[in-house]
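Visitor: Before I ask anything, let me first share the structure, which is written out below as structure tokens.
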Amino acid sequence: MDIVGVLVALGVLVALAYRGWSILLLAPFCAMLAALLAGEPLLANWTQTFMRNAADFVAQFFPIFLLGALFGKLMEASGSVEAIAATMTERLGAERAILAVVLAGAFVTYGGVSLFVAFFVLAPMGHALFRAADIPHRLMPAAIALGTSTFTMSAMPGTPAIQNAIPMPFFGTNPFAAPGLGIIASLIMLGFGMWWLERARRKSKEAGETYLYAGGTAADAVSGDDTLRERGAVAHDFDPGEIERGGHALARPGFVIAALPLLVVVVTNLVMSFAILPHVDASFLAEPGWGATSLSAVAGVWSVIVALSAGIVTLLLANFRKLAELRSLMDAGATAAVLPMLSVASLVGFGAVVAALPAFEQVKNWVLGIEGGPLVSLAVATNILAALTGSASGGLTIALDALGPTYMQIAHQTGLNPELMHRVAVIGAGTLDSLPHNGAVVTLLAVCGVSHKDGYVDLAMAAIASALVALVAVITIGNLFRSF
């Protein structure tokens, strides 16, 4: 009966979350349902297990959610994202419309701009390019997803995405874990995705398809839609409801000024990870007053915090006169972090309650018993949980909370490099999270004005199939040559 209770609770969570119910309500309710069906104490599970683990997640990652959302909001409001997208459009031209959209999305998200901010800026640019090239606008969501939601989220070394930060405390790694494998995975995702999109473009041209778009703006797509907002906030680290708040600069900056904060984020992250933190004497962290932890457990998060902070300061200095409503913008950016952070934390709390139930031992044994070794079982676990929760960050945290220590023990016993596990876990979480119900997918299709029927197959090939191919390649190469 215990395992049935877990499945029932998970089924209720998935079914109602896909219908737009708030995860803030669903996660504790379903956690208590699982505990009730297992005959475990309800209040103790809520206050001592659910809340402690949700609070631990907030304690670990609140700075990244806050700074990431703030940086994304300021980049959007200053016109910097728009300036970068416009420059790449001019340089590549309408004849390379798909590549322009992909590379613009990749450039801004690798530099730390939140996914949803990129959606809202890239959609108008995409429409202009696709109209000029007479490419069916149904291919736009796939092009945007390939640039923003694949290799720059999970594979590129040093990406400040929250998904890349989550494994660091568990495995003692930094944002540049397994850089060689990350670059290989990125090239596979980009290459496979572009091959598919160009193939789809050629087939559409042969069939006589044209651009065709009914109209409407990206902002109109989510304005007042609380269901879309709830689902979107669970999927990534920016609340879509804050996109239109705080005003916008009247004139956008030049490309160099616009790109400078992104460059500062990447360079600062690199310097912190390899030149500064490894030489810091942080022995005091072992004291109980500092959490009885180690530098290896926090260094990765510290690197991303400093990098995003440096990017924000650079952006403010470069655009201060353009940001007339600075306080409102700062408020909107900070607020944009709250709903996603608490939603993912609630999912983590739910996962902690399930992992504490006696029945979970059966699930754990099944996962660890999957043929192919620990890398395959880790990839399967993160894939399944990301798919079920509709959240790469939520699924990844649940998997590592429950199984991270076990995988570290396996790594010590077998000589498996934690950096390899880090990269496999992040890529694994970024594959099946893009199923049709995912909040980011629903939002992206909405802002592009494309239905699931018309746009999802190409999006799935660009975002899911490309990532799965890259994941298989990384596991295969990792098993043969270890991490590099």
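Residue numbering restarts at 1 in every chain; chains get A, B, ... in the order shown in the structure tokens, and ligands count up from 1 in that same order.
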Please return as a PyMOL selection string: the residues of range 236-324 of chain A that backbone DSSP assigns to helix (DSSP H, G or I).
Guide: chain A and resi 240-242+255-279+283-286+288-290+295-322
Visitor: Would you mind listing what lies within 7 Å of Pro136 in chain A as a ChimeraX atom specification, with only C-alpha atoms counted and same-chain residues fewer than 3 positions away left out?
Guide: /A:130,139,209-212
Visitor: With distances taken over only C-alpha atoms, which residue among A:Pro169, A:Pro288, A:Pro240, A:Gly373 lies nearest Pro418 in chain A?
Guide: A:Pro169
Visitor: Extract, using only C-alpha atoms, all DNA, RNA and protein residues at most 12 Å from Ala123 in chain A, discarding same-chain residues fewer than 5 positions from it, and format them as an MDAnalysis selection string.
Guide: chainID A and resid 81:82 85:86 101:102 104:105 116:118 128:130 137:145 215:219 221 443:450
Visitor: Got a sec: who's within 8 Å of Ile427 in chain A, counting only C-alpha atoms, leaving out chain neighbours fewer than 4 positions off, as a PDB file with all heavy atoms, in the first residue's frame?
Guide:
ATOM      1  N   SER A 154      21.975  23.778 -19.821  1.00  0.00           N
ATOM      2  CA  SER A 154      22.417  22.549 -19.165  1.00  0.00           C
ATOM      3  C   SER A 154      23.806  22.065 -19.536  1.00  0.00           C
ATOM      4  O   SER A 154      24.372  21.242 -18.811  1.00  0.00           O
ATOM      5  CB  SER A 154      21.422  21.416 -19.486  1.00  0.00           C
ATOM      6  OG  SER A 154      21.399  21.146 -20.881  1.00  0.00           O
ATOM      7  N   ALA A 155      24.371  22.535 -20.635  1.00  0.00           N
ATOM      8  CA  ALA A 155      25.618  21.934 -21.113  1.00  0.00           C
ATOM      9  C   ALA A 155      26.804  22.887 -21.154  1.00  0.00           C
ATOM     10  O   ALA A 155      27.925  22.485 -20.839  1.00  0.00           O
ATOM     11  CB  ALA A 155      25.395  21.331 -22.515  1.00  0.00           C
ATOM     12  N   ALA A 379      20.794   9.669 -14.994  1.00  0.00           N
ATOM     13  CA  ALA A 379      20.107  10.342 -16.099  1.00  0.00           C
ATOM     14  C   ALA A 379      18.631   9.984 -16.132  1.00  0.00           C
ATOM     15  O   ALA A 379      17.767  10.845 -16.344  1.00  0.00           O
ATOM     16  CB  ALA A 379      20.772   9.974 -17.426  1.00  0.00           C
ATOM     17  N   ARG A 423      27.466  17.005 -14.823  1.00  0.00           N
ATOM     18  CA  ARG A 423      27.039  17.335 -16.182  1.00  0.00           C
ATOM     19  C   ARG A 423      25.929  16.416 -16.655  1.00  0.00           C
ATOM     20  O   ARG A 423      24.974  16.862 -17.312  1.00  0.00           O
ATOM     21  CB  ARG A 423      28.253  17.264 -17.118  1.00  0.00           C
ATOM     22  CG  ARG A 423      28.018  17.876 -18.490  1.00  0.00           C
ATOM     23  CD  ARG A 423      27.510  19.303 -18.421  1.00  0.00           C
ATOM     24  NE  ARG A 423      28.375  20.177 -17.677  1.00  0.00           N
ATOM     25  CZ  ARG A 423      27.954  21.261 -17.047  1.00  0.00           C
ATOM     26  NH1 ARG A 423      26.673  21.590 -17.063  1.00  0.00           N
ATOM     27  NH2 ARG A 423      28.792  22.020 -16.368  1.00  0.00           N
ATOM     28  N   THR A 431      15.940  17.608 -20.426  1.00  0.00           N
ATOM     29  CA  THR A 431      15.430  16.912 -21.615  1.00  0.00           C
ATOM     30  C   THR A 431      13.910  16.794 -21.554  1.00  0.00           C
ATOM     31  O   THR A 431      13.202  17.594 -22.157  1.00  0.00           O
ATOM     32  CB  THR A 431      16.072  15.522 -21.744  1.00  0.00           C
ATOM     33  OG1 THR A 431      15.941  14.826 -20.493  1.00  0.00           O
ATOM     34  CG2 THR A 431      17.549  15.625 -22.067  1.00  0.00           C
ATOM     35  N   ALA A 467      18.742  17.189 -26.978  1.00  0.00           N
ATOM     36  CA  ALA A 467      19.323  17.001 -25.650  1.00  0.00           C
ATOM     37  C   ALA A 467      19.512  15.529 -25.319  1.00  0.00           C
ATOM     38  O   ALA A 467      20.493  15.149 -24.666  1.00  0.00           O
ATOM     39  CB  ALA A 467      18.438  17.671 -24.601  1.00  0.00           C
ATOM     40  N   LEU A 471      22.906  13.757 -24.387  1.00  0.00           N
ATOM     41  CA  LEU A 471      23.019  13.030 -23.125  1.00  0.00           C
ATOM     42  C   LEU A 471      23.613  11.649 -23.346  1.00  0.00           C
ATOM     43  O   LEU A 471      24.510  11.213 -22.605  1.00  0.00           O
ATOM     44  CB  LEU A 471      21.637  12.919 -22.469  1.00  0.00           C
ATOM     45  CG  LEU A 471      21.561  12.166 -21.139  1.00  0.00           C
ATOM     46  CD1 LEU A 471      22.420  12.840 -20.085  1.00  0.00           C
ATOM     47  CD2 LEU A 471      20.103  12.076 -20.670  1.00  0.00           C
TER      48      LEU A 471
END
Visitor: May I have the residues within 7 Å of Gly390 in chain A as a PyMOL selection string, using only C-alpha atoms and disregarding those fewer than 3 positions away in the same chain?
Guide: chain A and resi 235+386-387+433+437-439
Visitor: Keeping all heavy atoms for every residue in the selection just given, could you write it to a file as an mmCIF file, in the first residue's frame?
Guide:
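Output (out.cif):
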data_model
loop_
_atom_site.group_PDB
_atom_site.id
_atom_site.type_symbol
_atom_site.label_atom_id
_atom_site.label_comp_id
_atom_site.auth_asym_id
_atom_site.auth_seq_id
_atom_site.Cartn_x
_atom_site.Cartn_y
_atom_site.Cartn_z
ATOM 1 N N ALA A 235 8.360 26.324 -13.938
ATOM 2 C CA ALA A 235 9.289 25.805 -14.929
ATOM 3 C C ALA A 235 10.657 26.469 -14.880
ATOM 4 O O ALA A 235 11.668 25.834 -15.137
ATOM 5 C CB ALA A 235 8.697 25.956 -16.335
ATOM 6 N N ALA A 386 12.002 15.368 -13.665
ATOM 7 C CA ALA A 386 11.795 16.638 -14.362
ATOM 8 C C ALA A 386 10.533 16.574 -15.212
ATOM 9 O O ALA A 386 9.773 17.546 -15.293
ATOM 10 C CB ALA A 386 13.007 16.967 -15.229
ATOM 11 N N ALA A 387 10.288 15.418 -15.842
ATOM 12 C CA ALA A 387 9.088 15.259 -16.657
ATOM 13 C C ALA A 387 7.822 15.307 -15.802
ATOM 14 O O ALA A 387 6.847 15.976 -16.144
ATOM 15 C CB ALA A 387 9.153 13.940 -17.424
ATOM 16 N N ASP A 433 11.905 17.650 -19.401
ATOM 17 C CA ASP A 433 11.167 18.746 -18.774
ATOM 18 C C ASP A 433 10.412 19.558 -19.830
ATOM 19 O O ASP A 433 9.508 20.324 -19.513
ATOM 20 C CB ASP A 433 12.121 19.669 -17.998
ATOM 21 C CG ASP A 433 12.980 20.514 -18.898
ATOM 22 O OD1 ASP A 433 13.517 19.963 -19.874
ATOM 23 O OD2 ASP A 433 13.134 21.724 -18.621
ATOM 24 N N HIS A 437 3.238 19.741 -21.372
ATOM 25 C CA HIS A 437 2.626 20.412 -20.223
ATOM 26 C C HIS A 437 3.578 21.389 -19.530
ATOM 27 O O HIS A 437 3.160 22.152 -18.662
ATOM 28 C CB HIS A 437 2.187 19.363 -19.202
ATOM 29 C CG HIS A 437 3.335 18.519 -18.702
ATOM 30 N ND1 HIS A 437 3.637 17.290 -19.252
ATOM 31 C CD2 HIS A 437 4.262 18.729 -17.741
ATOM 32 C CE1 HIS A 437 4.693 16.788 -18.623
ATOM 33 N NE2 HIS A 437 5.086 17.644 -17.704
ATOM 34 N N ASN A 438 4.861 21.370 -19.868
ATOM 35 C CA ASN A 438 5.830 22.222 -19.190
ATOM 36 C C ASN A 438 5.447 23.693 -19.310
ATOM 37 O O ASN A 438 5.079 24.164 -20.383
ATOM 38 C CB ASN A 438 7.212 21.978 -19.797
ATOM 39 C CG ASN A 438 8.267 22.905 -19.232
ATOM 40 O OD1 ASN A 438 8.525 23.949 -19.808
ATOM 41 N ND2 ASN A 438 8.853 22.538 -18.109
ATOM 42 N N GLY A 439 5.578 24.425 -18.196
ATOM 43 C CA GLY A 439 5.165 25.817 -18.184
ATOM 44 C C GLY A 439 5.931 26.685 -19.159
ATOM 45 O O GLY A 439 5.372 27.599 -19.773
#
Visitor: I'd like the interatomic distance between CA of Thr152 in chain A and CA of Val367 in chain A, to a tenth of an Å.
Guide: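 Distance between the two atoms: 27.7 Å.
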Visitor: I'd like the contact shell of Thr389 in chain A - 9 Å cut-off, only C-alpha atoms, skipping same-chain residues fewer than 3 positions apart - returned as a list in words.
Guide: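 Neighbouring residues, sequence-local ones excluded: Leu10, Leu13, Val14, Ala17, Val234, Ala235, Leu347, Ile384, Leu385, Ala386, Ala392, Gly394, Gly395, Asp433 and Asn438 of chain A.
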Visitor: Pick from A:Ala27, A:Val338, A:Val348, A:Leu432: nearest to Gly241 in chain A, with only C-alpha atoms counted?
Guide: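 Of the candidates, the smallest distance to Gly241 in chain A is held by A:Val338.
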